[in-house]
>>> print(open('work.cif').read())   # mmCIF, C-alpha atoms
data_data
#
loop_
_atom_site.label_atom_id
_atom_site.label_comp_id
_atom_site.auth_asym_id
_atom_site.auth_seq_id
_atom_site.Cartn_x
_atom_site.Cartn_y
_atom_site.Cartn_z
CA MET A 1 171.78 65.15 90.61
CA ASP A 2 170.96 61.47 91.13
CA ASN A 3 167.29 61.12 90.19
CA LYS A 4 167.21 57.59 91.56
CA ALA A 5 167.28 58.97 95.11
CA ILE A 6 163.57 59.71 94.74
CA TYR A 7 162.94 55.96 94.49
CA LYS A 8 164.04 55.60 98.12
CA LEU A 9 160.83 57.30 99.24
CA THR A 10 158.17 54.81 100.29
CA TYR A 11 154.94 54.61 98.31
CA GLY A 12 151.79 52.57 98.41
CA LEU A 13 149.71 51.63 95.38
CA PHE A 14 146.05 52.42 94.85
CA VAL A 15 143.22 52.13 92.36
CA VAL A 16 141.48 55.51 92.23
CA THR A 17 137.96 55.35 90.80
CA ALA A 18 135.42 57.96 89.75
CA ARG A 19 131.97 58.12 88.16
CA GLU A 20 130.58 60.76 85.81
CA ASN A 21 127.45 60.66 83.65
CA ASP A 22 126.84 57.00 84.52
CA ARG A 23 130.34 56.03 83.41
CA ASP A 24 132.87 54.44 85.74
CA ASN A 25 136.64 54.63 85.39
CA GLY A 26 139.80 54.11 87.39
CA CYS A 27 143.57 54.47 87.31
CA ILE A 28 146.58 53.38 89.33
CA VAL A 29 148.32 55.98 91.52
CA ASN A 30 151.11 55.76 94.09
CA THR A 31 150.56 59.04 95.92
CA VAL A 32 147.77 58.89 98.48
CA ALA A 33 148.52 60.14 101.98
CA GLN A 34 146.69 61.18 105.13
CA VAL A 35 146.83 64.93 105.72
CA THR A 36 144.76 65.48 108.88
CA SER A 37 143.00 63.29 111.44
CA GLU A 38 140.08 65.51 112.55
CA PRO A 39 138.36 65.57 110.18
CA ILE A 40 140.17 62.85 108.26
CA LYS A 41 141.59 64.34 105.08
CA ILE A 42 143.79 62.74 102.47
CA SER A 43 145.76 63.98 99.49
CA VAL A 44 145.65 62.24 96.12
CA ALA A 45 147.92 63.24 93.23
CA ILE A 46 146.66 62.28 89.75
CA ASN A 47 148.37 62.88 86.42
CA LYS A 48 146.38 65.32 84.27
CA VAL A 49 146.57 63.03 81.23
CA ASN A 50 144.45 60.41 83.02
CA TYR A 51 140.73 60.36 82.24
CA THR A 52 140.06 59.66 85.92
CA HIS A 53 141.69 63.01 86.73
CA ASP A 54 139.07 64.88 84.74
CA MET A 55 136.22 62.87 86.24
CA VAL A 56 137.37 63.58 89.81
CA LYS A 57 137.87 67.26 88.98
CA ASN A 58 134.39 67.54 87.47
CA THR A 59 132.46 65.58 90.12
CA GLY A 60 134.41 66.23 93.33
CA LYS A 61 133.96 62.57 94.31
CA ILE A 62 136.64 59.89 94.59
CA ALA A 63 137.08 56.33 95.80
CA ILE A 64 140.36 54.66 96.65
CA SER A 65 141.07 50.93 96.77
CA VAL A 66 144.30 50.19 98.65
CA ILE A 67 146.21 47.53 96.71
CA SER A 68 147.50 44.62 98.79
CA GLU A 69 150.24 42.03 98.32
CA ASP A 70 147.54 39.65 97.02
CA ALA A 71 147.18 41.71 93.84
CA ASP A 72 148.28 40.25 90.52
CA PHE A 73 149.66 41.96 87.45
CA GLU A 74 146.30 41.81 85.67
CA LEU A 75 144.94 44.45 88.07
CA PHE A 76 147.73 46.83 87.06
CA LYS A 77 147.28 46.08 83.36
CA ARG A 78 143.54 46.78 83.54
CA PHE A 79 143.65 50.03 85.49
CA GLY A 80 147.17 51.27 84.71
CA PHE A 81 148.21 50.32 81.19
CA GLN A 82 145.23 51.42 79.12
CA SER A 83 143.18 54.58 78.77
CA GLY A 84 139.63 54.96 80.02
CA ARG A 85 139.05 57.42 77.19
CA GLU A 86 139.31 54.51 74.76
CA MET A 87 137.78 51.59 76.65
CA ASP A 88 135.58 50.66 79.61
CA LYS A 89 137.93 49.43 82.31
CA PHE A 90 135.08 47.79 84.19
CA GLU A 91 133.82 45.78 81.20
CA GLY A 92 134.13 42.09 82.03
CA PHE A 93 135.46 42.93 85.50
CA ASN A 94 133.47 41.57 88.44
CA ASP A 95 135.79 42.05 91.42
CA PHE A 96 134.18 45.21 92.72
CA GLN A 97 131.41 46.53 94.92
CA THR A 98 129.55 49.82 94.80
CA GLY A 99 130.04 52.17 97.72
CA LYS A 100 129.16 55.73 98.65
CA ASP A 101 128.00 58.03 95.83
CA ASP A 102 127.68 54.96 93.57
CA LEU A 103 131.46 54.76 93.18
CA LYS A 104 132.89 51.34 92.42
CA TYR A 105 135.79 50.01 94.46
CA VAL A 106 137.99 46.97 93.82
CA THR A 107 137.54 43.99 96.17
CA LYS A 108 140.19 41.53 94.88
CA GLY A 109 143.86 42.26 95.55
CA THR A 110 142.97 45.12 97.88
CA ASN A 111 142.72 45.50 101.65
CA ALA A 112 140.74 48.71 102.19
CA TYR A 113 138.28 51.08 100.57
CA ILE A 114 138.06 54.84 101.15
CA ALA A 115 135.50 57.28 99.73
CA ALA A 116 136.03 61.03 99.90
CA ASP A 117 134.84 64.44 98.72
CA VAL A 118 137.28 66.86 97.12
CA VAL A 119 137.59 70.04 99.19
CA GLU A 120 140.62 71.65 97.54
CA MET A 121 142.68 71.27 94.37
CA VAL A 122 146.34 72.22 93.98
CA ASP A 123 147.86 72.58 90.50
CA ALA A 124 151.22 70.78 90.61
CA GLY A 125 152.14 71.03 86.93
CA THR A 126 151.79 67.56 85.42
CA HIS A 127 149.51 66.51 88.30
CA THR A 128 146.65 67.89 90.34
CA ILE A 129 146.77 67.26 94.07
CA PHE A 130 143.25 66.68 95.35
CA ILE A 131 142.73 67.37 99.06
CA CYS A 132 139.76 65.25 100.09
CA GLU A 133 137.64 64.77 103.20
CA VAL A 134 136.92 61.11 103.89
CA THR A 135 133.22 60.18 103.92
CA ASP A 136 133.39 56.38 104.19
CA MET A 137 135.99 53.68 104.88
CA LYS A 138 136.10 49.91 105.13
CA VAL A 139 138.80 47.30 105.84
CA LEU A 140 138.56 44.47 103.29
CA SER A 141 141.37 42.16 104.40
CA ASP A 142 144.38 41.87 106.72
CA THR A 143 146.84 41.29 103.88
CA PRO A 144 149.64 43.89 104.00
CA SER A 145 149.49 46.81 101.60
CA ALA A 146 151.68 46.50 98.52
CA THR A 147 154.46 49.06 98.37
CA TYR A 148 155.93 50.32 95.13
CA ALA A 149 159.06 48.30 95.92
CA TYR A 150 156.98 45.14 96.48
CA TYR A 151 155.28 45.65 93.13
CA HIS A 152 158.60 45.84 91.31
CA GLU A 153 160.06 42.85 93.12
CA HIS A 154 157.09 40.46 93.26
CA ILE A 155 154.24 41.53 90.95
CA LYS A 156 155.61 43.19 87.83
CA PRO A 157 157.01 40.65 85.34
CA LYS A 158 160.71 41.01 84.69
CA PRO A 159 161.00 42.52 81.20
CA GLU A 160 163.09 40.84 78.54
CA SER A 161 164.17 42.87 75.55
CA LYS A 162 162.92 41.58 72.21
CA ASN A 163 165.49 43.65 70.35
CA GLN A 164 168.82 42.51 71.72
CA ASP A 165 170.28 41.34 68.39
CA ASN A 166 169.28 44.07 65.95
CA GLY A 167 172.01 46.55 66.94
CA LYS A 168 169.55 49.32 67.80
CA THR A 169 169.47 51.42 70.96
CA ILE A 170 166.73 50.51 73.44
CA TRP A 171 165.41 52.68 76.28
CA ARG A 172 163.32 50.90 78.92
CA CYS A 173 160.80 52.46 81.31
CA GLN A 174 161.85 51.55 84.83
CA ILE A 175 158.24 51.76 85.98
CA CYS A 176 156.35 49.45 83.61
CA GLY A 177 158.97 47.96 81.28
CA TYR A 178 157.85 49.66 78.03
CA GLU A 179 160.69 49.82 75.51
CA TYR A 180 161.45 52.72 73.16
CA GLU A 181 163.73 52.15 70.16
CA GLY A 182 165.92 55.02 69.01
CA ASP A 183 169.42 56.49 69.34
CA GLU A 184 168.13 59.26 71.61
CA LEU A 185 165.08 59.45 73.87
CA PRO A 186 163.33 62.83 73.47
CA ASP A 187 163.39 64.93 76.65
CA ASP A 188 159.62 65.41 76.48
CA PHE A 189 158.86 61.72 75.88
CA VAL A 190 156.07 60.26 78.03
CA CYS A 191 155.61 56.52 78.44
CA PRO A 192 152.45 55.53 76.52
CA LEU A 193 151.64 52.86 79.10
CA CYS A 194 152.26 54.31 82.56
CA LYS A 195 152.58 58.02 81.63
CA HIS A 196 155.97 58.46 83.34
CA PRO A 197 158.48 60.93 81.83
CA ALA A 198 161.76 60.38 80.01
CA SER A 199 163.68 60.67 83.31
CA ASP A 200 162.24 57.28 84.32
CA PHE A 201 163.77 55.52 81.29
CA GLU A 202 167.16 53.83 81.26
CA LYS A 203 169.35 52.95 78.29
CA ILE A 204 169.73 49.17 78.15
CA LEU A 205 171.35 48.60 74.73
#
>>> encode(input="work.cif", output="structure tokens")
Amino acid sequence: MDNKAIYKLTYGLFVVTARENDRDNGCIVNTVAQVTSEPIKISVAINKVNYTHDMVKNTGKIAISVISEDADFELFKRFGFQSGREMDKFEGFNDFQTGKDDLKYVTKGTNAYIAADVVEMVDAGTHTIFICEVTDMKVLSDTPSATYAYYHEHIKPKPESKNQDNGKTIWRCQICGYEYEGDELPDDFVCPLCKHPASDFEKIL
């Protein structure tokens, strides 16, 4: 089976934010889709290891900032490559506004904001799929939405291996560029940066 076929599916990119006990947090996801039009419902899949996942599950409230082609890599580093369990992702970050239910949404590098209430949860193994009814929406700019392919081609820095001359085997995450050093990559390995599984790594040396 050629796992790379799944990369041919089209994806957008989004900052999903939540608020619980006066604490704000967010993470990057690539699986938000409209489910129905009357009422407007969307589905949002979030990895269970993300702190934002637990906050959305506990509160039933969610905000989505649609990432545009104006976004820079710093946005992905802030909300995608570090854990909200260990740091405040909004500390020192001013490019946001507060919307419905006091949820923060990102205003720079995004083109739309959507707030929603969770009405159903589906256990999908590593992820929970949240079915949500939209409660507020706003267009922020006319810049096209960034696709996953656009991110890889134009936003994510091209990784360069730092270990090319030491004779060791390197496995590189095709999603974020993280490199693992070792003869074999464990089947249950999860990228510490973007939380993608071993199947998203490729052997480069």
>>> residues_around(input="work.cif", residues="region 8-16 of chain A", least_positions_apart="5", cutoff="10 Å", atoms="all atoms listed in the file", output="PyMOL selection string")
chain A and resi 25-33+44+46+52-53+56+62-68+75-76+79-80+104-106+110+112-115+145-151
>>> closest_residue(input="work.cif", among="A:Asp123, A:Glu69, A:Asp95, A:Asp2", to="Lys57 (chain A)", atoms="all atoms listed in the file")
A:Asp123
>>> residues_around(input="work.cif", residues="Ser83 (chain A)", least_positions_apart="5", cutoff="9 Å", atoms="only C-alpha atoms", output="PDB file with C-alpha atoms, in the coordinates of the input")
ATOM      1  CA  CYS A  27     143.570  54.470  87.310  1.00  0.00           C
ATOM      2  CA  ASN A  50     144.450  60.410  83.020  1.00  0.00           C
ATOM      3  CA  TYR A  51     140.730  60.360  82.240  1.00  0.00           C
ATOM      4  CA  ASP A  88     135.580  50.660  79.610  1.00  0.00           C
ATOM      5  CA  LYS A  89     137.930  49.430  82.310  1.00  0.00           C
ATOM      6  CA  LEU A 193     151.640  52.860  79.100  1.00  0.00           C
TER       7      LEU A 193
END
>>> residues_near_point(input="work.cif", point="(127.1, 62.1, 97.5)", cutoff="10 Å", atoms="all atoms listed in the file", output="list of chain:residue names")
A:Thr59, A:Gly60, A:Lys61, A:Lys100, A:Asp101, A:Asp102, A:Leu103, A:Ala115, A:Ala116, A:Asp117, A:Thr135
>>> residues_around(input="work.cif", residues="Val49 (chain A)", least_positions_apart="3", cutoff="12 Å", atoms="all atoms listed in the file", output="PyMOL selection string")
chain A and resi 27+46+52-55+82-85+125-128+190-196
>>> atom_distance(input="work.cif", atom1="CA of Val139 (chain A)", atom2="CA of His154 (chain A)")
23.2 Å
>>> atom_distance(input="work.cif", atom1="CA of Thr107 (chain A)", atom2="CA of Leu140 (chain A)")
7.2 Å
>>> resolve_selection(input="work.cif", expression="the PyMOL selection byres ((chain A and resi 4) around 12)", output="ChimeraX atom specification")
/A:1-3,5-9,174,199-202
>>> atom_distance(input="work.cif", atom1="CA of Ile155 (chain A)", atom2="CA of Arg172 (chain A)")
17.7 Å
>>> closest_residue(input="work.cif", among="A:Val118, A:Ile42, A:Asn111, A:Phe81", to="Tyr178 (chain A)", atoms="all atoms listed in the file")
A:Phe81
>>> resolve_selection(input="work.cif", expression="the PyMOL selection byres ((chain A and resi 130) around 6)", output="PyMOL selection string")
chain A and resi 43-44+121+129+131
>>> closest_residue(input="work.cif", among="A:Lys138, A:Arg23, A:Lys48, A:Lys203", to="Gln97 (chain A)", atoms="only C-alpha atoms")
A:Lys138
>>> closest_residue(input="work.cif", among="A:Val134, A:Ile40, A:Val119, A:Ala18", to="Thr98 (chain A)", atoms="all atoms listed in the file")
A:Ala18
>>> closest_residue(input="work.cif", among="A:Glu91, A:Arg19, A:Gly109, A:Gly182", to="Thr143 (chain A)", atoms="all atoms listed in the file")
A:Gly109
>>> closest_residue(input="work.cif", among="A:Cys132, A:Met137, A:Ile204, A:Ala71", to="Gly177 (chain A)", atoms="only C-alpha atoms")
A:Ile204
>>> build_atoms(input="work.cif", residues="region 84-99 of chain A", atoms="N, CA and C atoms", output="PDB file, keeping the file's coordinate frame")
ATOM      1  N   GLY A  84     141.074  54.981  79.877  1.00  0.00           N
ATOM      2  CA  GLY A  84     139.630  54.960  80.020  1.00  0.00           C
ATOM      3  C   GLY A  84     138.930  55.802  78.985  1.00  0.00           C
ATOM      4  N   ARG A  85     139.660  56.646  78.273  1.00  0.00           N
ATOM      5  CA  ARG A  85     139.050  57.420  77.190  1.00  0.00           C
ATOM      6  C   ARG A  85     138.721  56.513  76.003  1.00  0.00           C
ATOM      7  N   GLU A  86     139.445  55.395  75.925  1.00  0.00           N
ATOM      8  CA  GLU A  86     139.310  54.510  74.760  1.00  0.00           C
ATOM      9  C   GLU A  86     138.577  53.215  75.060  1.00  0.00           C
ATOM     10  N   MET A  87     138.462  52.844  76.321  1.00  0.00           N
ATOM     11  CA  MET A  87     137.780  51.590  76.650  1.00  0.00           C
ATOM     12  C   MET A  87     137.180  51.664  78.045  1.00  0.00           C
ATOM     13  N   ASP A  88     136.234  50.749  78.305  1.00  0.00           N
ATOM     14  CA  ASP A  88     135.580  50.660  79.610  1.00  0.00           C
ATOM     15  C   ASP A  88     136.381  49.710  80.481  1.00  0.00           C
ATOM     16  N   LYS A  89     137.060  50.252  81.481  1.00  0.00           N
ATOM     17  CA  LYS A  89     137.930  49.430  82.310  1.00  0.00           C
ATOM     18  C   LYS A  89     137.159  48.445  83.194  1.00  0.00           C
ATOM     19  N   PHE A  90     135.868  48.695  83.376  1.00  0.00           N
ATOM     20  CA  PHE A  90     135.080  47.790  84.190  1.00  0.00           C
ATOM     21  C   PHE A  90     134.344  46.726  83.359  1.00  0.00           C
ATOM     22  N   GLU A  91     134.469  46.785  82.042  1.00  0.00           N
ATOM     23  CA  GLU A  91     133.820  45.780  81.200  1.00  0.00           C
ATOM     24  C   GLU A  91     134.455  44.414  81.435  1.00  0.00           C
ATOM     25  N   GLY A  92     133.635  43.428  81.766  1.00  0.00           N
ATOM     26  CA  GLY A  92     134.130  42.090  82.030  1.00  0.00           C
ATOM     27  C   GLY A  92     134.853  41.938  83.349  1.00  0.00           C
ATOM     28  N   PHE A  93     134.776  42.944  84.198  1.00  0.00           N
ATOM     29  CA  PHE A  93     135.460  42.930  85.500  1.00  0.00           C
ATOM     30  C   PHE A  93     134.404  42.842  86.595  1.00  0.00           C
ATOM     31  N   ASN A  94     134.498  41.812  87.423  1.00  0.00           N
ATOM     32  CA  ASN A  94     133.470  41.570  88.440  1.00  0.00           C
ATOM     33  C   ASN A  94     133.948  41.728  89.877  1.00  0.00           C
ATOM     34  N   ASP A  95     135.228  41.999  90.067  1.00  0.00           N
ATOM     35  CA  ASP A  95     135.790  42.050  91.420  1.00  0.00           C
ATOM     36  C   ASP A  95     135.662  43.452  92.010  1.00  0.00           C
ATOM     37  N   PHE A  96     134.422  43.897  92.157  1.00  0.00           N
ATOM     38  CA  PHE A  96     134.180  45.210  92.720  1.00  0.00           C
ATOM     39  C   PHE A  96     132.852  45.216  93.467  1.00  0.00           C
ATOM     40  N   GLN A  97     132.694  46.225  94.309  1.00  0.00           N
ATOM     41  CA  GLN A  97     131.410  46.530  94.920  1.00  0.00           C
ATOM     42  C   GLN A  97     131.140  48.011  94.716  1.00  0.00           C
ATOM     43  N   THR A  98     129.920  48.417  94.939  1.00  0.00           N
ATOM     44  CA  THR A  98     129.550  49.820  94.800  1.00  0.00           C
ATOM     45  C   THR A  98     129.368  50.434  96.172  1.00  0.00           C
ATOM     46  N   GLY A  99     130.087  51.522  96.416  1.00  0.00           N
ATOM     47  CA  GLY A  99     130.040  52.170  97.720  1.00  0.00           C
ATOM     48  C   GLY A  99     129.325  53.511  97.675  1.00  0.00           C
TER      49      GLY A  99
END
